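Okay, input-v8.cif now, which holds mmCIF, C-alpha atoms:
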data_structure
loop_
_atom_site.label_atom_id
_atom_site.label_comp_id
_atom_site.auth_asym_id
_atom_site.auth_seq_id
_atom_site.Cartn_x
_atom_site.Cartn_y
_atom_site.Cartn_z
CA MET A 1 -37.73 111.77 118.69
CA THR A 2 -35.24 110.19 116.29
CA LEU A 3 -35.26 106.98 118.33
CA LEU A 4 -39.05 106.93 118.53
CA GLY A 5 -39.51 107.52 114.82
CA ALA A 6 -36.85 105.10 113.64
CA TYR A 7 -37.35 102.20 116.07
CA VAL A 8 -40.64 102.46 117.97
CA SER A 9 -43.37 103.87 115.75
CA PRO A 10 -43.75 100.77 113.55
CA ARG A 11 -45.00 99.04 116.69
CA GLU A 12 -47.19 101.77 118.16
CA SER A 13 -48.65 99.72 120.99
CA SER A 14 -45.32 98.47 122.35
CA ALA A 15 -43.92 99.71 125.66
CA VAL A 16 -40.21 100.48 125.83
CA TRP A 17 -38.17 100.13 129.03
CA SER A 18 -36.98 103.52 130.28
CA GLY A 19 -33.59 102.19 131.40
CA GLY A 20 -32.89 100.91 127.91
CA LEU A 21 -33.77 104.25 126.34
CA VAL A 22 -31.43 106.00 128.78
CA ASP A 23 -28.62 103.58 127.90
CA LEU A 24 -29.14 104.20 124.18
CA LEU A 25 -29.10 107.98 124.67
CA VAL A 26 -25.93 107.73 126.74
CA GLY A 27 -24.40 105.80 123.85
CA GLN A 28 -25.27 108.75 121.59
CA GLY A 29 -23.39 111.22 123.80
CA PHE A 30 -25.98 112.26 126.40
CA SER A 31 -25.19 112.15 130.10
CA GLU A 32 -27.51 109.87 132.07
CA GLY A 33 -29.07 112.88 133.79
CA ALA A 34 -29.66 114.70 130.51
CA ALA A 35 -31.22 111.55 129.01
CA ARG A 36 -33.70 111.24 131.88
CA ILE A 37 -34.55 114.95 131.70
CA ALA A 38 -35.19 114.61 127.95
CA LEU A 39 -37.61 111.72 128.54
CA THR A 40 -39.41 113.65 131.29
CA ARG A 41 -39.82 116.62 128.96
CA LEU A 42 -41.37 114.38 126.31
CA VAL A 43 -43.85 113.15 128.92
CA ASN A 44 -44.67 116.73 129.93
CA ARG A 45 -45.27 117.62 126.27
CA ASP A 46 -47.65 114.65 125.84
CA LEU A 47 -45.21 112.93 123.46
CA LEU A 48 -44.61 109.92 125.73
CA ALA A 49 -46.79 108.20 128.33
CA ARG A 50 -45.37 106.47 131.41
CA VAL A 51 -46.48 102.95 132.22
CA LYS A 52 -45.36 101.38 135.53
CA ASP A 53 -44.70 97.65 135.73
CA GLY A 54 -43.73 96.95 139.31
CA ARG A 55 -40.61 98.95 139.99
CA ARG A 56 -39.85 99.48 136.34
CA VAL A 57 -41.03 102.34 134.16
CA HIS A 58 -41.88 101.88 130.49
CA TYR A 59 -42.87 104.42 127.87
CA THR A 60 -45.47 104.24 125.13
CA LEU A 61 -46.17 106.63 122.28
CA THR A 62 -49.12 108.99 122.64
CA PRO A 63 -51.61 109.56 119.79
CA ARG A 64 -50.04 113.01 119.33
CA THR A 65 -46.60 111.47 118.81
CA VAL A 66 -47.92 108.90 116.35
CA SER A 67 -49.47 111.73 114.34
CA LEU A 68 -46.32 113.89 114.46
CA LEU A 69 -44.11 110.99 113.42
CA ALA A 70 -46.42 110.18 110.51
CA ASP A 71 -46.23 113.82 109.35
CA GLY A 72 -42.47 113.72 109.76
CA ASP A 73 -42.16 110.54 107.73
CA ARG A 74 -44.12 112.07 104.88
CA ARG A 75 -41.73 115.04 104.73
CA ILE A 76 -38.55 113.05 105.29
CA PHE A 77 -39.33 110.35 102.73
CA SER A 78 -40.54 112.79 100.08
CA LEU A 79 -37.74 115.34 100.40
CA GLY A 80 -35.82 115.70 97.16
CA ARG A 81 -37.54 112.75 95.47
CA ASP A 82 -39.79 114.62 93.05
CA GLU A 83 -38.93 117.76 91.13
CA LYS A 84 -41.08 120.63 92.36
CA ARG A 85 -42.81 122.67 89.69
CA ALA A 86 -43.19 126.43 89.95
CA GLY A 87 -46.70 127.20 91.13
CA LYS A 88 -48.51 128.97 93.94
CA TRP A 89 -46.55 130.24 96.93
CA THR A 90 -47.97 130.67 100.43
CA VAL A 91 -47.56 133.79 102.53
CA LEU A 92 -48.55 133.63 106.19
CA TRP A 93 -48.50 136.46 108.69
CA HIS A 94 -49.47 136.32 112.33
CA SER A 95 -49.58 138.45 115.44
CA ILE A 96 -50.03 135.89 118.19
CA PRO A 97 -50.17 137.49 121.66
CA GLU A 98 -47.87 136.58 124.52
CA THR A 99 -50.75 134.78 126.23
CA HIS A 100 -50.46 132.17 123.46
CA ARG A 101 -46.68 131.91 123.55
CA GLY A 102 -46.63 128.11 123.61
CA ALA A 103 -48.86 127.91 120.54
CA ARG A 104 -46.68 130.48 118.78
CA GLU A 105 -43.53 128.44 119.40
CA ARG A 106 -45.18 125.26 118.17
CA LEU A 107 -46.42 127.10 115.09
CA VAL A 108 -42.91 128.27 114.23
CA ARG A 109 -41.48 124.75 114.57
CA ARG A 110 -44.19 123.25 112.38
CA LEU A 111 -43.94 126.02 109.77
CA ARG A 112 -40.24 125.37 109.35
CA PHE A 113 -40.92 121.67 108.95
CA LEU A 114 -43.36 122.53 106.15
CA GLY A 115 -40.59 124.42 104.33
CA PHE A 116 -41.48 127.96 105.39
CA GLY A 117 -38.83 130.63 105.75
CA SER A 118 -39.06 133.80 107.81
CA VAL A 119 -39.20 136.97 105.73
CA GLN A 120 -39.53 139.24 108.75
CA ASP A 121 -40.97 138.99 112.24
CA GLY A 122 -44.35 137.25 112.02
CA THR A 123 -44.26 136.85 108.21
CA TRP A 124 -43.51 133.48 106.60
CA LEU A 125 -43.08 132.30 103.04
CA ALA A 126 -43.26 128.86 101.41
CA PRO A 127 -42.60 128.18 97.71
CA HIS A 128 -45.56 125.78 97.48
CA ASP A 129 -49.29 125.74 98.15
CA ARG A 130 -49.52 124.96 101.88
CA GLU A 131 -53.01 126.35 102.45
CA HIS A 132 -54.61 123.17 103.79
CA GLU A 133 -51.69 122.21 106.05
CA VAL A 134 -51.44 125.71 107.53
CA ALA A 135 -55.20 126.09 108.01
CA ALA A 136 -55.31 122.77 109.88
CA LEU A 137 -52.28 123.77 111.96
CA LEU A 138 -53.76 127.15 112.95
CA ALA A 139 -57.01 125.45 113.94
CA GLU A 140 -55.17 122.79 115.94
CA LEU A 141 -53.28 125.48 117.87
CA ASP A 142 -56.41 127.65 118.20
CA VAL A 143 -54.69 130.74 116.76
CA THR A 144 -56.63 131.17 113.50
CA ALA A 145 -57.98 134.54 114.70
CA PHE A 146 -54.43 135.93 114.91
CA ALA A 147 -53.25 134.94 111.42
CA GLY A 148 -53.75 135.73 107.74
CA MET A 149 -52.75 133.80 104.65
CA MET A 150 -52.47 134.47 100.91
CA LEU A 151 -51.54 132.38 97.86
CA GLY A 152 -49.78 133.84 94.85
CA ARG A 153 -46.80 133.75 92.51
CA PRO A 154 -43.51 135.67 92.70
CA ALA A 155 -43.28 138.63 90.34
CA GLU A 156 -41.21 137.85 87.26
CA SER A 157 -39.76 141.36 87.36
CA LEU A 158 -37.86 140.53 90.58
CA ASP A 159 -34.97 138.12 91.15
CA VAL A 160 -36.50 135.20 93.05
CA ARG A 161 -33.06 134.01 94.19
CA ALA A 162 -32.40 137.33 95.93
CA PHE A 163 -35.40 137.27 98.27
CA ALA A 164 -35.21 133.48 98.65
CA GLY A 165 -31.75 134.02 100.08
CA ARG A 166 -33.26 136.30 102.72
CA ALA A 167 -35.90 133.77 103.76
CA TRP A 168 -33.63 130.70 103.76
CA ASP A 169 -29.89 130.33 104.31
CA LEU A 170 -29.23 128.46 101.07
CA ASP A 171 -25.44 128.53 101.39
CA ALA A 172 -25.59 126.93 104.84
CA LEU A 173 -28.08 124.37 103.53
CA ALA A 174 -25.73 123.39 100.69
CA ALA A 175 -22.87 123.05 103.19
CA ARG A 176 -24.98 120.75 105.39
CA TYR A 177 -25.81 118.47 102.49
CA GLU A 178 -22.14 118.34 101.53
CA ALA A 179 -21.11 117.50 105.11
CA PHE A 180 -23.79 114.77 105.29
CA VAL A 181 -22.44 113.13 102.14
CA ALA A 182 -18.84 113.39 103.37
CA GLU A 183 -19.74 111.70 106.68
CA PHE A 184 -21.75 108.78 105.30
CA GLU A 185 -20.40 108.19 101.78
CA HIS A 186 -18.00 105.48 102.96
CA ARG A 187 -20.88 103.73 104.77
CA SER A 188 -22.77 103.00 101.55
CA SER A 189 -24.08 99.43 101.37
CA THR A 190 -21.81 98.93 98.35
CA LYS A 191 -18.80 99.30 100.66
CA THR A 192 -18.00 95.82 101.96
CA GLY A 193 -17.73 95.59 105.74
CA SER A 194 -18.65 99.25 106.32
CA VAL A 195 -20.53 98.30 109.53
CA ALA A 196 -19.17 95.51 111.73
CA THR A 197 -21.69 95.03 114.58
CA ASP A 198 -25.33 95.59 115.46
CA ALA A 199 -24.30 98.28 117.94
CA GLU A 200 -22.30 100.12 115.29
CA ALA A 201 -25.17 99.81 112.81
CA PHE A 202 -27.47 101.36 115.42
CA ARG A 203 -25.05 104.19 116.14
CA VAL A 204 -24.49 105.02 112.46
CA ARG A 205 -28.14 104.71 111.43
CA THR A 206 -29.41 106.75 114.39
CA ARG A 207 -26.96 109.59 113.77
CA MET A 208 -27.75 109.53 110.05
CA VAL A 209 -31.52 109.73 110.65
CA HIS A 210 -31.06 112.45 113.27
CA LEU A 211 -29.07 114.60 110.84
CA PHE A 212 -31.27 113.95 107.82
CA ARG A 213 -34.54 114.66 109.63
CA GLN A 214 -33.35 118.27 110.07
CA PHE A 215 -33.33 118.89 106.31
CA PRO A 216 -37.12 119.33 105.88
CA SER A 217 -36.93 122.27 108.30
CA LEU A 218 -34.04 123.82 106.35
CA ASP A 219 -34.74 122.97 102.71
CA PRO A 220 -37.73 124.79 101.15
CA GLU A 221 -37.38 122.67 97.96
CA LEU A 222 -37.50 125.71 95.74
CA PRO A 223 -38.63 124.93 92.18
CA PRO A 224 -35.43 124.22 90.18
CA SER A 225 -36.76 126.34 87.30
CA LEU A 226 -36.38 129.32 89.66
CA VAL A 227 -33.48 128.40 91.93
CA PRO A 228 -30.97 125.55 91.34
CA PRO A 229 -31.15 122.78 94.00
CA PRO A 230 -28.29 122.27 96.48
CA SER A 231 -25.50 120.46 94.65
CA HIS A 232 -25.21 117.53 97.10
CA ARG A 233 -28.91 117.05 97.87
CA SER A 234 -29.51 114.19 95.42
CA ARG A 235 -26.50 112.25 96.71
CA ALA A 236 -27.55 112.85 100.33
CA VAL A 237 -31.06 111.54 99.59
CA ALA A 238 -29.66 108.46 97.83
CA LEU A 239 -27.33 107.74 100.76
CA PHE A 240 -30.14 108.13 103.26
CA ASP A 241 -32.43 105.76 101.35
CA ASP A 242 -29.63 103.22 100.99
CA LEU A 243 -28.40 103.19 104.58
CA TYR A 244 -31.82 103.55 106.19
CA ALA A 245 -32.81 100.21 104.65
CA ALA A 246 -29.42 98.47 104.72
CA LEU A 247 -28.82 99.10 108.44
CA ALA A 248 -32.43 98.62 109.57
CA GLY A 249 -32.16 94.97 110.59
CA PRO A 250 -29.00 95.08 112.76
CA ALA A 251 -29.90 98.49 114.20
CA GLN A 252 -33.37 97.30 115.22
CA ARG A 253 -31.89 94.17 116.81
CA HIS A 254 -29.61 96.33 118.96
CA PHE A 255 -32.46 98.64 119.95
CA ASP A 256 -34.69 95.71 120.92
CA GLU A 257 -31.92 93.98 122.87
CA VAL A 258 -31.08 97.07 124.94
CA THR A 259 -34.69 98.12 125.60
CA ARG A 260 -35.99 94.64 126.36
CA SER A 261 -37.02 94.54 130.03
#
Transcribe the structure of this file into structure tokens.
Amino acid sequence: MTLLGAYVSPRESSAVWSGGLVDLLVGQGFSEGAARIALTRLVNRDLLARVKDGRRVHYTLTPRTVSLLADGDRRIFSLGRDEKRAGKWTVLWHSIPETHRGARERLVRRLRFLGFGSVQDGTWLAPHDREHEVAALLAELDVTAFAGMMLGRPAESLDVRAFAGRAWDLDALAARYEAFVAEFEHRSSTKTGSVATDAEAFRVRTRMVHLFRQFPSLDPELPPSLVPPPSHRSRAVALFDDLYAALAGPAQRHFDEVTRS
């Protein structure tokens, strides 16, 4: 999904050679077999469509993938950019039966990407008004009948940081931001000669995007008036913005060269 979002989605109608995608995944540490299995799973989940051209197989993005990548971009490119004000919080609870297990798993993944944390089994909390996003998600998954939702504010008589620490692992989040900065600080575009080749630019940019795109599922962006933000978040966001743009040209050239049939 990192490859699709970073290198394919700007050209939604293009078909990408399967052999090239496998080669790129192998270069990122996958075995060839694991790379092909991953692509097959994306097809089975309606995230890629196969297109045969003679003996060669190409992949195109499905409408579902285009929509998911657009949602992902909105979260990734807004994370940590604007200070969140204290306002309404969203509480969601659900009791989705085993017959809808697939929908339940998709719901959990999407809730985390919207900044929700798990308070207890089947109960989720977000420090922002997510009513419209959640209502649309429940309808899309056809599980509205099994869920309830409320909006409100945390009680001032209780320590917000205490129960926030139960819903989200804030210490682990801070450590991830710190590790991200430590790994990519020396790659800043202000560092002369930090990336030597197109292939290296692709490797660095792809790993960076893959790591950064996990933050929306981990960082609830708690209002700083209630809970201080992770100490390295602002530097991580600045590095991401810098390198995403600075390495785009050479990384895209390498992607196109390898996936060109």
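Taking atom CA of His58 of chain A and atom CA of Ala15 of chain A as endpoints, the distance between them is 5.7 Å.
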* **Residues within 9 Å of (-42.5, 121.3, 111.9), counting all atoms listed in the file, listed as an NGL selection string** => :A and (68 or 71-72 or 106-115 or 216-217)
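Within 12 Å of Glu257 of chain A, once all atoms listed in the file are used and residues closer than 6 positions along the same chain are dropped, the contacting residues are Tyr7, Val16, Trp17, Gly19, Gly20, Leu21, Asp23, Leu24, Asp198, Ala199, Phe202, Pro250 and Ala251 of chain A.
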* Record the distance separating atom CA of Leu4 of chain A and atom CA of Phe184 of chain A, expressed in Å with one decimal. =>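 Spanning atom CA of Leu4 of chain A to atom CA of Phe184 of chain A is a straight-line distance of 21.9 Å.
One finds atom CA of Lys84 of chain A at 5.0 Å from atom CA of Pro223 of chain A.
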Taking the file as shown, find all residues satisfying the PyMOL selection byres ((chain A and resi 37-52) around 12) and write them as a short mmCIF file (atom, residue, chain, number, x, y, z; two decimals) with C-alpha atoms, in the frame of the given file.
data_model
loop_
_atom_site.label_atom_id
_atom_site.label_comp_id
_atom_site.auth_asym_id
_atom_site.auth_seq_id
_atom_site.Cartn_x
_atom_site.Cartn_y
_atom_site.Cartn_z
CA MET A 1 -37.73 111.77 118.69
CA LEU A 3 -35.26 106.98 118.33
CA LEU A 4 -39.05 106.93 118.53
CA GLY A 5 -39.51 107.52 114.82
CA VAL A 8 -40.64 102.46 117.97
CA SER A 9 -43.37 103.87 115.75
CA GLU A 12 -47.19 101.77 118.16
CA SER A 13 -48.65 99.72 120.99
CA SER A 14 -45.32 98.47 122.35
CA ALA A 15 -43.92 99.71 125.66
CA VAL A 16 -40.21 100.48 125.83
CA TRP A 17 -38.17 100.13 129.03
CA SER A 18 -36.98 103.52 130.28
CA GLY A 19 -33.59 102.19 131.40
CA GLY A 20 -32.89 100.91 127.91
CA LEU A 21 -33.77 104.25 126.34
CA VAL A 22 -31.43 106.00 128.78
CA LEU A 25 -29.10 107.98 124.67
CA VAL A 26 -25.93 107.73 126.74
CA PHE A 30 -25.98 112.26 126.40
CA SER A 31 -25.19 112.15 130.10
CA GLU A 32 -27.51 109.87 132.07
CA GLY A 33 -29.07 112.88 133.79
CA ALA A 34 -29.66 114.70 130.51
CA ALA A 35 -31.22 111.55 129.01
CA ARG A 36 -33.70 111.24 131.88
CA ASP A 53 -44.70 97.65 135.73
CA GLY A 54 -43.73 96.95 139.31
CA ARG A 55 -40.61 98.95 139.99
CA ARG A 56 -39.85 99.48 136.34
CA VAL A 57 -41.03 102.34 134.16
CA HIS A 58 -41.88 101.88 130.49
CA TYR A 59 -42.87 104.42 127.87
CA THR A 60 -45.47 104.24 125.13
CA LEU A 61 -46.17 106.63 122.28
CA THR A 62 -49.12 108.99 122.64
CA PRO A 63 -51.61 109.56 119.79
CA ARG A 64 -50.04 113.01 119.33
CA THR A 65 -46.60 111.47 118.81
CA VAL A 66 -47.92 108.90 116.35
CA SER A 67 -49.47 111.73 114.34
CA LEU A 68 -46.32 113.89 114.46
CA LEU A 69 -44.11 110.99 113.42
CA GLY A 102 -46.63 128.11 123.61
CA ARG A 106 -45.18 125.26 118.17
#
* Specify as a PyMOL selection string each residue included when the PyMOL selection byres ((chain A and resi 131-137) around 12) is applied to this file. => chain A and resi 68+71+88-94+103-104+106-116+124-130+138-145+147-152
* Asked: For Arg203 of chain A, which of A:Ala248, A:Ile76, A:Val227, A:Ala236 is the closest residue, counting only C-alpha atoms?
  ->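 With only C-alpha atoms as the atom set, the closest residue is A:Ala248.
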* Contact residues around Glu185 of chain A with only C-alpha atoms at 10 Å, ignoring same-chain residues under 6 positions, as number ranges by chain -> A: 179, 191, 235-236, 239-240, 243
* **Proximity to Gly80 of chain A - best of A:Val258, A:Tyr177, A:Gly249, A:Glu200, only C-alpha atoms** => A:Tyr177
* Asked: Hey, what's within 7 Å of Ser95 of chain A if we count all atoms listed in the file and toss same-chain stuff fewer than 2 positions away? As a VMD selection string, please?
  -> chain A and resid 97 122 146 to 147
From the structure just shown, export segment 6-37 of chain A with N, CA and C atoms as a CSV table (one decimal), in the first residue's frame.
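As written to disk, result-v7.csv reads:
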chain,number,residue,atom,x,y,z
A,6,ALA,N,2.4,6.1,-2.8
A,6,ALA,CA,3.5,7.0,-3.0
A,6,ALA,C,3.8,7.2,-4.5
A,7,TYR,N,3.6,6.1,-5.3
A,7,TYR,CA,4.1,6.1,-6.7
A,7,TYR,C,3.1,5.8,-7.7
A,8,VAL,N,1.9,5.3,-7.4
A,8,VAL,CA,0.9,4.9,-8.4
A,8,VAL,C,-0.3,5.8,-8.4
A,9,SER,N,-0.8,6.2,-7.2
A,9,SER,CA,-2.1,6.9,-7.2
A,9,SER,C,-2.2,8.2,-7.9
A,10,PRO,N,-1.1,8.9,-8.1
A,10,PRO,CA,-1.2,10.1,-8.9
A,10,PRO,C,-1.6,9.9,-10.4
A,11,ARG,N,-1.4,8.6,-10.8
A,11,ARG,CA,-1.8,8.2,-12.2
A,11,ARG,C,-2.7,7.0,-12.1
A,12,GLU,N,-3.9,7.3,-11.7
A,12,GLU,CA,-4.9,6.2,-11.3
A,12,GLU,C,-5.1,5.2,-12.4
A,13,SER,N,-5.1,5.7,-13.6
A,13,SER,CA,-5.5,4.8,-14.7
A,13,SER,C,-4.3,4.0,-15.2
A,14,SER,N,-3.1,4.2,-14.7
A,14,SER,CA,-1.9,3.5,-15.2
A,14,SER,C,-1.9,2.0,-14.7
A,15,ALA,N,-1.3,1.1,-15.6
A,15,ALA,CA,-1.2,-0.3,-15.2
A,15,ALA,C,0.3,-0.5,-14.9
A,16,VAL,N,0.6,-1.2,-13.8
A,16,VAL,CA,2.0,-1.4,-13.4
A,16,VAL,C,2.3,-2.9,-13.5
A,17,TRP,N,3.5,-3.1,-14.1
A,17,TRP,CA,3.9,-4.5,-14.4
A,17,TRP,C,4.2,-5.3,-13.1
A,18,SER,N,3.6,-6.4,-12.9
A,18,SER,CA,3.7,-7.2,-11.7
A,18,SER,C,5.1,-7.6,-11.4
A,19,GLY,N,5.9,-7.9,-12.4
A,19,GLY,CA,7.3,-8.3,-12.2
A,19,GLY,C,8.1,-7.2,-11.6
A,20,GLY,N,7.8,-6.0,-12.0
A,20,GLY,CA,8.5,-4.8,-11.4
A,20,GLY,C,8.1,-4.6,-10.0
A,21,LEU,N,6.8,-4.7,-9.7
A,21,LEU,CA,6.4,-4.6,-8.3
A,21,LEU,C,7.1,-5.6,-7.4
A,22,VAL,N,7.2,-6.8,-7.9
A,22,VAL,CA,7.9,-7.9,-7.1
A,22,VAL,C,9.3,-7.5,-6.9
A,23,ASP,N,10.0,-7.0,-7.9
A,23,ASP,CA,11.4,-6.7,-7.8
A,23,ASP,C,11.6,-5.5,-6.7
A,24,LEU,N,10.7,-4.6,-6.7
A,24,LEU,CA,10.8,-3.5,-5.8
A,24,LEU,C,10.5,-4.0,-4.4
A,25,LEU,N,9.6,-4.9,-4.2
A,25,LEU,CA,9.3,-5.4,-2.9
A,25,LEU,C,10.5,-6.3,-2.4
A,26,VAL,N,11.1,-7.0,-3.3
A,26,VAL,CA,12.3,-7.8,-2.9
A,26,VAL,C,13.4,-6.8,-2.4
A,27,GLY,N,13.5,-5.7,-3.1
A,27,GLY,CA,14.5,-4.7,-2.7
A,27,GLY,C,14.2,-4.1,-1.3
A,28,GLN,N,13.0,-4.2,-0.9
A,28,GLN,CA,12.6,-3.7,0.4
A,28,GLN,C,12.7,-4.8,1.5
A,29,GLY,N,13.2,-6.0,1.2
A,29,GLY,CA,13.3,-7.0,2.2
A,29,GLY,C,12.4,-8.2,2.1
A,30,PHE,N,11.4,-8.1,1.2
A,30,PHE,CA,10.5,-9.3,1.0
A,30,PHE,C,11.2,-10.4,0.2
A,31,SER,N,10.8,-11.6,0.4
A,31,SER,CA,11.2,-12.7,-0.5
A,31,SER,C,10.3,-12.6,-1.7
A,32,GLU,N,10.8,-13.2,-2.8
A,32,GLU,CA,9.9,-13.1,-4.0
A,32,GLU,C,8.6,-13.8,-3.8
A,33,GLY,N,8.6,-14.9,-3.1
A,33,GLY,CA,7.3,-15.6,-2.8
A,33,GLY,C,6.4,-14.7,-2.0
A,34,ALA,N,6.9,-14.1,-0.9
A,34,ALA,CA,6.1,-13.3,0.0
A,34,ALA,C,5.6,-12.1,-0.8
A,35,ALA,N,6.4,-11.5,-1.7
A,35,ALA,CA,5.9,-10.4,-2.5
A,35,ALA,C,4.7,-10.8,-3.4
A,36,ARG,N,4.8,-11.9,-4.0
A,36,ARG,CA,3.7,-12.4,-4.9
A,36,ARG,C,2.4,-12.7,-4.1
A,37,ILE,N,2.6,-13.3,-2.9
A,37,ILE,CA,1.5,-13.5,-2.0
A,37,ILE,C,0.8,-12.2,-1.6
